[in-house]
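query.txt follows (compact mmCIF, C-alpha atoms):
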# COMPACT_ATOMS: atom_id res chain seq x y z
CA MET A 89 94.29 136.18 162.85
CA ARG A 90 94.04 133.11 165.04
CA GLY A 91 92.37 133.43 168.42
CA PRO A 92 93.80 132.21 171.71
CA THR A 93 91.53 129.20 171.97
CA GLU A 94 91.51 125.93 170.06
CA LYS A 95 89.82 126.25 166.68
CA SER A 96 86.26 124.98 166.73
CA ARG A 97 85.03 122.83 163.85
CA ARG A 98 81.86 123.81 162.06
CA THR A 99 80.03 120.66 160.97
CA ALA A 100 76.72 122.07 159.75
CA THR A 101 75.41 125.10 157.93
CA ILE A 102 73.72 127.56 160.26
CA ALA A 103 70.06 128.17 159.47
CA LEU A 104 69.45 131.51 157.80
CA GLY A 105 67.71 134.10 159.95
CA GLN A 106 69.01 132.49 163.17
CA LEU A 107 72.56 133.77 163.10
CA GLU A 108 74.42 135.49 165.89
CA PRO A 109 76.56 138.55 165.03
CA LEU A 110 80.04 137.83 163.75
CA GLY A 111 82.47 137.42 166.65
CA VAL A 112 85.53 139.59 167.21
CA VAL A 113 88.94 139.35 168.81
CA VAL A 114 89.85 142.16 171.20
CA ARG A 115 93.56 142.63 171.81
CA LEU A 116 95.94 145.10 173.40
CA LEU A 117 98.25 146.81 170.92
CA GLY A 118 101.92 147.40 171.52
CA GLY A 119 104.54 144.88 172.56
CA ARG A 120 104.28 141.14 172.05
CA GLY A 121 102.01 138.58 173.56
CA GLY A 122 99.59 141.15 175.00
CA PRO A 123 96.21 140.11 176.42
CA VAL A 124 93.60 138.89 173.96
CA PHE A 125 89.88 138.16 174.42
CA ARG A 126 87.71 136.33 171.91
CA LEU A 127 84.17 137.77 172.03
CA THR A 128 81.62 135.48 170.39
CA GLU A 129 78.56 136.21 172.53
CA GLY A 130 77.46 138.39 175.42
CA ALA A 131 79.69 141.22 176.58
CA CYS A 132 83.35 141.82 177.38
CA VAL A 133 84.49 144.17 180.14
CA VAL A 134 87.89 145.73 179.58
CA GLY A 135 89.66 147.01 182.70
CA GLY A 136 92.87 147.40 184.59
CA GLN A 137 92.38 144.87 187.38
CA ARG A 138 91.58 141.20 187.87
CA GLY A 139 87.89 140.55 187.33
CA ALA A 140 87.72 142.20 183.93
CA ASP A 141 87.40 139.92 180.90
CA LEU A 142 90.36 141.64 179.23
CA VAL A 143 92.85 142.89 181.80
CA ILE A 144 95.12 145.73 180.67
CA PRO A 145 98.01 146.31 183.10
CA ASP A 146 98.12 150.10 182.69
CA SER A 147 97.64 152.67 185.45
CA THR A 148 95.61 154.95 183.13
CA VAL A 149 93.01 152.22 182.59
CA SER A 150 90.21 152.11 185.16
CA ARG A 151 89.35 148.90 187.02
CA ARG A 152 86.19 148.53 184.87
CA HIS A 153 86.89 150.86 182.00
CA ALA A 154 84.60 149.91 179.09
CA GLU A 155 82.13 147.25 178.02
CA LEU A 156 82.01 145.75 174.49
CA THR A 157 78.88 143.98 173.21
CA LEU A 158 78.25 142.32 169.85
CA VAL A 159 75.48 143.88 167.71
CA PRO A 160 74.59 143.31 164.02
CA GLU A 161 76.40 146.50 162.98
CA GLY A 162 79.60 145.43 164.74
CA VAL A 163 80.46 146.13 168.39
CA SER A 164 78.69 148.42 170.83
CA VAL A 165 81.19 150.23 173.08
CA ARG A 166 80.07 151.73 176.41
CA ASP A 167 82.37 153.66 178.71
CA LEU A 168 81.80 152.57 182.32
CA GLY A 169 82.55 155.94 183.91
CA SER A 170 86.30 155.58 183.45
CA ARG A 171 88.69 158.13 184.90
CA ASN A 172 90.69 158.78 181.71
CA GLY A 173 88.04 158.12 179.10
CA THR A 174 87.43 155.98 176.01
CA PHE A 175 88.45 157.56 172.69
CA TYR A 176 87.57 156.85 169.06
CA LEU A 177 89.28 158.85 166.30
CA GLY A 178 90.57 161.23 168.93
CA GLN A 179 87.12 161.98 170.37
CA ARG A 180 86.00 160.93 173.83
CA VAL A 181 82.89 158.75 173.64
CA ASP A 182 80.35 157.41 176.13
CA ARG A 183 78.50 155.07 173.77
CA ILE A 184 79.30 154.21 170.18
CA ILE A 185 78.91 151.36 167.71
CA VAL A 186 82.08 150.54 165.80
CA ALA A 187 82.91 148.04 163.08
CA PRO A 188 85.50 145.27 163.35
CA GLY A 189 88.81 146.70 162.22
CA THR A 190 88.50 149.61 164.67
CA ARG A 191 91.04 150.83 167.19
CA LEU A 192 90.09 152.45 170.51
CA ARG A 193 92.16 154.26 173.11
CA LEU A 194 91.44 153.56 176.77
CA GLY A 195 93.46 155.99 178.85
CA SER A 196 96.89 155.72 177.24
CA ALA A 197 96.39 152.09 176.12
CA GLU A 198 95.17 151.16 172.65
CA ILE A 199 93.08 148.13 171.76
CA ALA A 200 92.15 146.64 168.39
CA ILE A 201 88.76 145.09 167.61
CA GLU A 202 89.26 142.63 164.79
CA PRO A 203 86.98 140.11 163.03
CA ASP A 204 87.24 136.59 164.41
CA ALA A 205 88.90 134.85 161.47
CA GLU A 206 88.26 131.43 163.01
CA GLN A 207 84.55 131.76 162.30
CA LEU A 208 85.25 132.21 158.57
CA GLU A 209 88.08 129.71 158.11
CA GLY A 210 87.32 126.40 156.47
CA PRO A 211 83.52 126.33 156.82
CA ALA A 212 81.71 123.18 155.75
CA PRO A 213 80.40 123.63 152.18
CA TYR A 214 76.87 124.98 151.90
CA ASP A 215 74.37 122.16 151.52
CA ALA A 216 72.76 123.48 148.32
CA ASP A 217 74.04 124.51 144.90
CA SER A 218 72.33 127.90 144.87
CA PHE A 219 72.29 130.87 147.20
CA ARG A 220 70.28 134.08 146.80
CA GLY A 221 70.31 134.06 143.00
CA MET A 222 73.81 132.60 142.61
CA VAL A 223 74.39 129.12 141.21
CA GLY A 224 77.36 126.86 141.87
CA ARG A 225 77.91 123.11 142.23
CA SER A 226 81.64 123.45 142.82
CA GLU A 227 83.13 123.12 146.27
CA GLN A 228 84.68 126.60 145.92
CA MET A 229 81.30 128.23 145.41
CA ARG A 230 79.53 126.19 148.07
CA ARG A 231 82.21 127.25 150.56
CA LEU A 232 81.65 130.85 149.49
CA PHE A 233 77.91 130.34 150.03
CA ALA A 234 78.66 128.99 153.52
CA ILE A 235 80.65 132.11 154.43
CA LEU A 236 77.93 134.35 153.01
CA SER A 237 75.36 132.55 155.16
CA ARG A 238 77.64 133.03 158.16
CA ILE A 239 78.00 136.79 157.79
CA GLU A 240 74.26 137.32 157.41
CA GLY A 241 74.20 137.98 161.16
CA SER A 242 76.53 140.96 160.69
CA LEU A 243 76.73 144.34 158.95
CA VAL A 244 80.52 144.39 158.70
CA THR A 245 82.26 145.92 155.71
CA VAL A 246 83.14 143.35 153.05
CA LEU A 247 85.73 143.42 150.25
CA VAL A 248 84.95 141.10 147.33
CA THR A 249 87.85 140.20 145.04
CA GLY A 250 87.90 138.37 141.73
CA GLU A 251 88.42 138.75 138.02
CA SER A 252 86.15 140.88 135.85
CA GLY A 253 82.91 139.09 135.07
CA ALA A 254 83.31 136.51 137.85
CA GLY A 255 80.14 137.59 139.67
CA LYS A 256 81.28 140.08 142.33
CA GLU A 257 78.13 142.16 141.98
CA LEU A 258 75.99 139.07 142.52
CA VAL A 259 77.86 138.47 145.78
CA ALA A 260 77.22 142.07 146.82
CA ARG A 261 73.51 141.71 146.07
CA ALA A 262 73.37 138.49 148.09
CA ILE A 263 75.07 140.20 151.04
CA HIS A 264 72.54 143.04 150.90
CA GLU A 265 69.50 140.78 150.51
CA GLY A 266 70.50 138.73 153.55
CA SER A 267 71.31 141.68 155.80
CA ALA A 268 69.40 143.62 158.42
CA VAL A 269 69.19 146.52 155.94
CA ALA A 270 67.69 144.44 153.10
CA SER A 271 64.56 146.62 153.16
CA GLY A 272 66.73 149.66 152.47
CA PRO A 273 68.23 150.71 149.14
CA LEU A 274 71.11 149.04 147.34
CA GLU A 275 73.14 151.79 145.67
CA ILE A 276 75.76 150.76 143.11
CA VAL A 277 78.71 152.92 142.07
CA ASN A 278 81.30 151.76 139.54
CA CYS A 279 84.36 153.76 140.54
CA GLY A 280 86.14 152.76 137.35
CA ALA A 281 83.42 154.18 135.10
CA LEU A 282 83.40 157.70 136.57
CA ALA A 283 85.25 160.70 135.21
CA ARG A 284 87.88 161.65 137.77
CA GLU A 285 86.42 165.12 138.35
CA LEU A 286 82.97 163.67 139.10
CA VAL A 287 83.91 160.98 141.63
CA ALA A 288 83.47 163.20 144.71
CA SER A 289 80.11 164.47 143.44
CA GLU A 290 78.94 160.92 142.69
CA LEU A 291 79.86 159.67 146.16
CA PHE A 292 79.02 162.68 148.34
CA GLY A 293 76.76 164.90 146.20
CA HIS A 294 77.15 168.58 145.37
CA LYS A 295 75.51 171.94 145.95
CA LYS A 296 74.05 173.99 143.15
CA GLY A 297 76.82 176.01 141.53
CA ALA A 298 79.60 174.00 143.23
CA PHE A 299 81.35 173.62 139.86
CA THR A 300 80.74 174.29 136.19
CA GLY A 301 77.70 172.33 135.11
CA ALA A 302 76.27 171.89 138.63
CA GLN A 303 72.96 173.54 137.77
CA GLU A 304 71.07 171.77 140.52
CA ALA A 305 71.96 170.33 143.92
CA ARG A 306 72.45 166.57 143.87
CA ARG A 307 72.48 163.88 146.53
CA GLY A 308 75.44 161.52 146.48
CA ALA A 309 75.56 157.74 146.64
CA PHE A 310 76.11 157.70 150.42
CA GLN A 311 72.91 159.64 151.04
CA ASN A 312 71.00 157.57 148.49
CA ALA A 313 72.15 154.42 150.30
CA ASP A 314 71.23 155.68 153.78
CA ARG A 315 69.90 152.77 155.90
CA GLY A 316 70.84 150.41 153.12
CA THR A 317 73.92 149.12 151.30
CA LEU A 318 76.44 150.94 149.12
CA PHE A 319 78.30 148.74 146.66
CA LEU A 320 81.55 150.35 145.50
CA ASP A 321 82.62 148.37 142.45
CA GLU A 322 86.19 148.66 141.12
CA ILE A 323 87.27 150.39 144.34
CA GLY A 324 90.90 150.07 143.25
CA GLU A 325 90.23 152.79 140.63
CA LEU A 326 89.36 155.40 143.27
CA PRO A 327 91.76 158.38 143.00
CA LEU A 328 94.25 158.57 145.86
CA ASP A 329 93.32 162.13 146.82
CA LEU A 330 89.68 161.12 147.37
CA GLN A 331 90.45 158.13 149.55
CA PRO A 332 90.68 160.12 152.84
CA ALA A 333 87.12 161.41 152.34
CA LEU A 334 85.89 157.86 151.79
CA LEU A 335 87.74 156.66 154.89
CA ARG A 336 86.14 159.40 156.97
CA ALA A 337 82.69 158.51 155.68
CA LEU A 338 83.28 154.86 156.59
CA GLU A 339 84.57 155.63 160.06
CA THR A 340 82.22 158.43 161.13
CA GLY A 341 79.21 158.16 158.85
CA GLU A 342 79.68 161.84 157.97
CA VAL A 343 79.63 163.06 154.36
CA ARG A 344 80.09 166.53 152.95
CA ALA A 345 78.74 167.48 149.54
CA VAL A 346 81.05 169.27 147.11
CA GLY A 347 80.74 173.01 147.72
CA ASP A 348 78.96 172.60 151.06
CA ASP A 349 80.30 173.60 154.47
CA LYS A 350 77.93 171.32 156.39
CA THR A 351 78.10 167.59 156.93
CA ALA A 352 75.28 165.07 156.80
CA HIS A 353 75.19 161.86 158.83
CA VAL A 354 74.31 158.57 157.13
CA LYS A 355 74.09 154.96 158.22
CA VAL A 356 75.36 152.82 155.37
CA ARG A 357 76.65 149.26 155.06
CA VAL A 358 79.51 149.21 152.53
CA VAL A 359 80.52 146.35 150.25
CA ALA A 360 83.46 147.00 147.93
CA ALA A 361 84.84 144.97 145.03
CA THR A 362 88.00 144.94 142.95
CA ASN A 363 89.82 142.89 140.35
CA ARG A 364 93.12 144.40 141.48
CA ASP A 365 95.54 143.18 144.12
CA LEU A 366 94.90 145.93 146.66
CA GLU A 367 97.73 144.78 148.91
CA GLU A 368 100.12 145.36 146.00
CA GLU A 369 98.43 148.72 145.36
CA VAL A 370 99.09 149.63 149.00
CA ARG A 371 102.76 148.67 148.70
CA ALA A 372 103.03 150.76 145.53
CA GLY A 373 101.52 153.78 147.29
CA ARG A 374 98.44 153.89 145.06
CA PHE A 375 95.96 152.87 147.76
CA ARG A 376 95.84 153.94 151.40
CA GLU A 377 96.70 151.20 153.85
CA ASP A 378 94.20 152.42 156.47
CA LEU A 379 91.40 152.48 153.89
CA TYR A 380 92.30 148.97 152.72
CA TYR A 381 92.05 147.52 156.23
CA ARG A 382 88.81 149.43 156.83
CA LEU A 383 87.28 147.91 153.69
CA ALA A 384 88.70 144.40 154.07
CA VAL A 385 87.17 143.61 157.46
CA VAL A 386 85.84 140.46 155.80
CA ARG A 387 87.44 139.49 152.51
CA LEU A 388 85.70 137.17 150.04
CA HIS A 389 87.16 135.82 146.80
CA VAL A 390 85.07 134.77 143.81
CA PRO A 391 87.02 132.13 141.84
CA PRO A 392 87.21 132.44 138.04
CA LEU A 393 84.97 130.18 136.00
CA ARG A 394 87.91 128.21 134.57
CA GLU A 395 88.69 126.97 138.09
CA ARG A 396 85.17 125.59 138.58
CA PRO A 397 84.14 123.97 135.28
CA GLU A 398 81.38 121.98 137.01
CA ASP A 399 79.49 125.28 137.36
CA ILE A 400 79.32 125.93 133.61
CA GLU A 401 76.37 123.65 132.89
CA PRO A 402 74.00 124.90 135.65
CA LEU A 403 74.89 128.51 134.83
CA ALA A 404 74.32 127.97 131.11
CA ARG A 405 70.93 126.38 131.78
CA LEU A 406 70.00 129.30 134.05
CA PHE A 407 70.91 131.85 131.38
CA ALA A 408 69.15 129.84 128.67
CA SER A 409 65.95 129.80 130.70
CA ALA A 410 66.18 133.56 131.21
CA ALA A 411 66.60 133.98 127.45
CA GLY A 412 63.50 131.91 126.73
CA LEU A 413 65.19 128.64 125.73
CA ARG A 414 63.72 125.41 127.07
CA GLU A 415 67.00 123.53 126.72
CA ILE A 416 70.50 123.71 125.27
CA PRO A 417 71.37 121.02 122.70
CA GLY A 418 73.95 118.51 123.91
CA PRO A 419 76.69 119.41 121.39
CA THR A 420 76.30 123.11 122.23
CA LEU A 421 76.52 122.39 125.94
CA GLU A 422 79.71 120.38 125.39
CA ARG A 423 81.26 123.31 123.49
CA LEU A 424 80.38 125.59 126.38
CA LYS A 425 81.95 123.21 128.90
CA ALA A 426 85.15 122.96 126.84
CA HIS A 427 85.70 126.72 126.58
CA ALA A 428 88.18 128.51 128.91
CA TRP A 429 85.94 131.55 129.56
CA PRO A 430 88.51 134.31 130.09
CA GLY A 431 85.57 136.70 130.51
CA ASN A 432 84.06 134.44 133.19
CA ILE A 433 80.31 134.40 133.88
CA ARG A 434 79.68 137.57 131.88
CA GLU A 435 81.18 135.97 128.78
CA LEU A 436 79.19 132.77 129.34
CA ARG A 437 75.94 134.68 129.62
CA ASN A 438 76.68 136.66 126.46
CA ALA A 439 77.43 133.40 124.64
CA VAL A 440 74.16 131.83 125.73
CA ASP A 441 72.26 134.99 124.77
CA THR A 442 73.91 134.91 121.36
CA PHE A 443 72.91 131.29 120.91
CA ALA A 444 69.34 132.12 121.94
CA ALA A 445 69.24 134.96 119.41
CA ILE A 446 70.95 133.50 116.34
CA GLY A 447 71.34 129.79 117.02
CA MET A 448 75.13 129.84 117.13
CA LEU A 449 77.80 130.41 119.74
CA PRO A 450 80.09 133.44 119.20
CA MET A 451 83.21 131.21 119.35
CA GLN A 452 81.98 129.12 116.41
CA ALA A 453 83.42 131.41 113.75
CA GLY A 454 84.64 129.37 110.80
CA ALA A 455 86.34 129.83 107.49
CA LYS A 456 83.28 131.52 105.99
CA GLY A 457 83.75 134.61 108.15
CA PRO A 458 82.67 136.05 111.53
CA ALA A 459 80.22 134.02 113.60
CA ILE A 460 77.48 136.62 113.13
CA ASP A 461 77.66 136.25 109.34
CA VAL A 462 77.64 132.47 109.53
CA ALA A 463 74.70 132.52 111.93
CA LEU A 464 72.70 134.98 109.81
CA GLU A 465 73.26 132.81 106.79
CA LYS A 466 71.85 129.84 108.70
CA MET A 467 68.86 131.89 109.89
CA VAL A 468 67.72 132.87 106.40
CA ASP A 469 64.58 130.91 105.55
CA VAL A 470 63.48 131.38 101.94
CA GLU A 471 60.07 129.93 102.85
CA ARG A 472 59.31 132.87 105.20
CA ALA A 473 58.56 136.49 104.37
CA TYR A 474 61.41 138.99 104.59
CA GLY A 475 59.54 141.27 106.98
CA ASP A 476 58.76 138.49 109.47
CA GLN A 477 62.39 137.35 109.62
CA LYS A 478 63.67 140.91 109.92
CA ASP A 479 61.31 141.68 112.81
CA ASP A 480 62.37 138.49 114.60
CA LEU A 481 66.05 139.36 114.26
CA VAL A 482 65.53 142.96 115.44
CA GLU A 483 63.62 141.75 118.49
CA ARG A 484 66.38 139.31 119.45
CA PHE A 485 69.05 141.96 118.97
CA THR A 486 67.07 144.49 121.01
CA ARG A 487 66.80 142.10 123.96
CA MET A 488 70.53 141.41 123.86
CA TYR A 489 71.43 145.08 123.51
CA LEU A 490 69.22 146.21 126.39
CA ARG A 491 70.58 143.53 128.68
CA ALA A 492 74.19 144.39 127.77
CA VAL A 493 73.86 148.16 128.10
CA LEU A 494 72.09 147.86 131.47
CA ALA A 495 74.82 145.51 132.71
CA HIS A 496 77.41 148.06 131.55
CA THR A 497 75.71 150.87 133.51
CA ASN A 498 74.93 148.72 136.58
CA GLY A 499 71.20 149.13 135.96
CA ASN A 500 71.31 152.94 135.63
CA GLN A 501 68.58 153.53 133.04
CA ALA A 502 69.40 157.22 132.52
CA ALA A 503 73.02 156.35 131.68
CA ALA A 504 71.87 153.48 129.46
CA ALA A 505 69.57 155.81 127.52
CA ARG A 506 72.43 158.27 126.95
CA ILE A 507 74.69 155.51 125.62
CA ALA A 508 71.92 154.13 123.42
CA GLY A 509 71.12 157.58 122.08
CA ILE A 510 67.41 157.27 122.85
CA ASP A 511 65.00 159.09 125.14
CA ARG A 512 64.85 157.83 128.72
CA THR A 513 61.08 157.36 128.48
CA TYR A 514 61.40 155.30 125.29
CA LEU A 515 64.02 153.10 126.96
CA GLY A 516 61.57 152.50 129.78
CA ARG A 517 58.87 151.44 127.33
CA LEU A 518 61.29 149.01 125.66
CA LEU A 519 62.20 147.45 129.00
CA VAL A 520 58.53 146.95 129.83
CA LYS A 521 57.80 145.57 126.35
CA TYR A 522 60.52 142.94 126.62
CA GLY A 523 59.67 142.01 130.20
CA MET A 524 62.92 143.33 131.66
CA VAL A 525 61.20 145.45 134.32
CA LYS A 526 57.84 145.16 136.01
Output the structure of this file as structure tokens.
Amino acid sequence: MRGPTEKSRRTATIALGQLEPLGVVVRLLGGRGGPVFRLTEGACVVGGQRGADLVIPDSTVSRRHAELTLVPEGVSVRDLGSRNGTFYLGQRVDRIIVAPGTRLRLGSAEIAIEPDAEQLEGPAPYDADSFRGMVGRSEQMRRLFAILSRIEGSLVTVLVTGESGAGKELVARAIHEGSAVASGPLEIVNCGALARELVASELFGHKKGAFTGAQEARRGAFQNADRGTLFLDEIGELPLDLQPALLRALETGEVRAVGDDKTAHVKVRVVAATNRDLEEEVRAGRFREDLYYRLAVVRLHVPPLRERPEDIEPLARLFASAAGLREIPGPTLERLKAHAWPGNIRELRNAVDTFAAIGMLPMQAGAKGPAIDVALEKMVDVERAYGDQKDDLVERFTRMYLRAVLAHTNGNQAAAARIAGIDRTYLGRLLVKYGMVK
């Protein structure tokens, strides 16, 4: 939303590590044209009489009812000894830290604490073409980098949208690495890859014997991410009946394991991602509106690769270097730049890996047959021993396979070993051998 004051123009990128918390807009709900206060620094006193920063003309609101202060986690709320109390989720509170997107009741009045959209609208492009492991020369990506640098002073919940393969997980990792909880864990859950009956257990854990197959107690993702970041990928796939439990965890920090009658309290920063239109999902009744607004406190969009063709070359060179190639031949680079990339960055990386392994791009299939057959035919060197060439090919394939299966499981080595049909220990040895883990 737009604040009550004239929009300020940002003309320079703020230095990392010197950022103030993200500002909020505090407004009275109900009716039209109610009082609004834009809190960008210091504190805001909400009360019922002149002298308060946000004056609420309601007899149930004390003269100095509550004080709001910006903190990295969101907004610190302190009741100032009010007569009729300050309430959050129906409970009277004296002190509490809430996230932007929260509603509070003061007496019989209700206020909303919302992110200050002005601070994230139209930032000047970031002054470099890389940001925390991400690469992008395009204006779209440098503007995204600028917003990411801006929210590094905050722990607000973020919703990342974009097509599959566009780089949403990279954005989540950048958010975590630049946050106040960067020293804590980054837990990744792909909601779309979980069996429906296991989603609650994956998120909240379970007690031994809670269901068939629960032979041991298990901690859930929220507890594993305590004092860190939880990245919920493909959040649009979360079953509707489990969404209230997620909403409660986000709002209260309380989680309850499947089969347990006790709750545990966690402190987790949540980043969610989806390739769906969640607003349309809300309208269709497949996603809770209150959960959507709780997740989308700050919303970031990662543009598809076809909309930023100037990013193809630096990304391709980055992937080539990771695959052990010193350079990409000019004709090959031109073919990469001419492709539409419906699979986005993931498809580009796979193409570069294929080129590094067999010397041909996967989209270069010709009349002779599939690209793999054409490439193998070109790789055959009758001057070299069969065994040497076979070992070289197996090594290249193994590198590609390990990278692909780990990407599919979001780095979960146990799951990758199950898919590969090999022992977990052997997978670990392969990853060390090929320099994929330290």
Quick one: residues within 7 Å of Leu168 (chain A), only C-alpha atoms counted, chain neighbours fewer than 6 positions away excluded, as a JSON list (two decimals) with C-alpha atoms, in the coordinates of the input?
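Result went into selection-v1.json, see below:
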[["chain", "number", "residue", "atom", "x", "y", "z"],
["A", 152, "ARG", "CA", 86.19, 148.53, 184.87],
["A", 153, "HIS", "CA", 86.89, 150.86, 182.00],
["A", 154, "ALA", "CA", 84.60, 149.91, 179.09],
["A", 155, "GLU", "CA", 82.13, 147.25, 178.02]]
Contacts of Pro145 (chain A) at 8 Å or less, counting only C-alpha atoms, minus same-chain residues fewer than 4 places along, as a list of chain:residue names? A:Gly136, A:Gln137, A:Val149
Show me the residues close to (82.1, 128.4, 145.3) - anything with an atom within 10 Å, counting all atoms listed in the file - and format the list as a tab-separated table (two decimals) with C-alpha atoms, in the frame of the given file.
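As written to disk, result_0.tsv reads:
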chain	number	residue	atom	x	y	z
A	213	PRO	CA	80.40	123.63	152.18
A	214	TYR	CA	76.87	124.98	151.90
A	217	ASP	CA	74.04	124.51	144.90
A	218	SER	CA	72.33	127.90	144.87
A	222	MET	CA	73.81	132.60	142.61
A	223	VAL	CA	74.39	129.12	141.21
A	224	GLY	CA	77.36	126.86	141.87
A	225	ARG	CA	77.91	123.11	142.23
A	226	SER	CA	81.64	123.45	142.82
A	227	GLU	CA	83.13	123.12	146.27
A	228	GLN	CA	84.68	126.60	145.92
A	229	MET	CA	81.30	128.23	145.41
A	230	ARG	CA	79.53	126.19	148.07
A	231	ARG	CA	82.21	127.25	150.56
A	232	LEU	CA	81.65	130.85	149.49
A	233	PHE	CA	77.91	130.34	150.03
A	234	ALA	CA	78.66	128.99	153.52
A	235	ILE	CA	80.65	132.11	154.43
A	389	HIS	CA	87.16	135.82	146.80
A	390	VAL	CA	85.07	134.77	143.81
A	391	PRO	CA	87.02	132.13	141.84
A	392	PRO	CA	87.21	132.44	138.04
A	393	LEU	CA	84.97	130.18	136.00
A	395	GLU	CA	88.69	126.97	138.09
A	396	ARG	CA	85.17	125.59	138.58
A	399	ASP	CA	79.49	125.28	137.36
Excluding Pro273 (chain A) and its own-chain neighbours fewer than 3 positions away, which residues fall within 7 Å of it when counting all atoms listed in the file? Please give them as a PyMOL selection string. chain A and resi 313+316-317
May I have the residues from that selection written out with C-alpha atoms, as a PDB file, keeping the file's coordinate frame?
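To be explicit, this is the file written out as selection22.pdb:
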ATOM      1  CA  ALA A 313      72.150 154.420 150.300  1.00  0.00           C
ATOM      2  CA  GLY A 316      70.840 150.410 153.120  1.00  0.00           C
ATOM      3  CA  THR A 317      73.920 149.120 151.300  1.00  0.00           C
TER       4      THR A 317
END
Contacts of Ala337 (chain A) at 12 Å (only C-alpha atoms; same-chain gap of 5+ positions) as a count of residues only: 26
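Reported to one decimal place, the separation of CA of Leu519 (chain A) from CA of Leu490 (chain A) is 7.6 Å.
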Identify which of the residues A:Ser150, A:Thr190, A:Thr362, A:Asn438 lies closest to Cys279 (chain A), counting all atoms listed in the file when measuring atom-to-atom distances. A:Thr362
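Reported to one decimal place, the separation of CA of Leu236 (chain A) from CA of Val259 (chain A) is 8.3 Å.
Computed from the coordinates, the CA of Ser237 (chain A) to CA of Pro160 (chain A) distance equals 14.0 Å.
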Edge lengths and centre in Å, axis-aligned, region 356-359 of chain A plus 3 Å each side, as AutoDock Vina command-line options:
--center_x 77.9 --center_y 149.6 --center_z 152.8 --size_x 11.2 --size_y 12.5 --size_z 11.1
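The closest residue to Leu481 (chain A), picked from A:Val440, A:Phe407, A:Asp141, A:Ile446 and counting all atoms listed in the file, is A:Ile446.
Compared by their closest atoms to Leu436 (chain A), and using only C-alpha atoms, the residues A:Gly169, A:Pro397, A:Gly162, A:Pro123 rank with A:Pro397 nearest.
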Which one of A:Ala384, A:Val346, A:Val493, A:Ala426 sits closest to Arg506 (chain A) if you count only C-alpha atoms? A:Val493
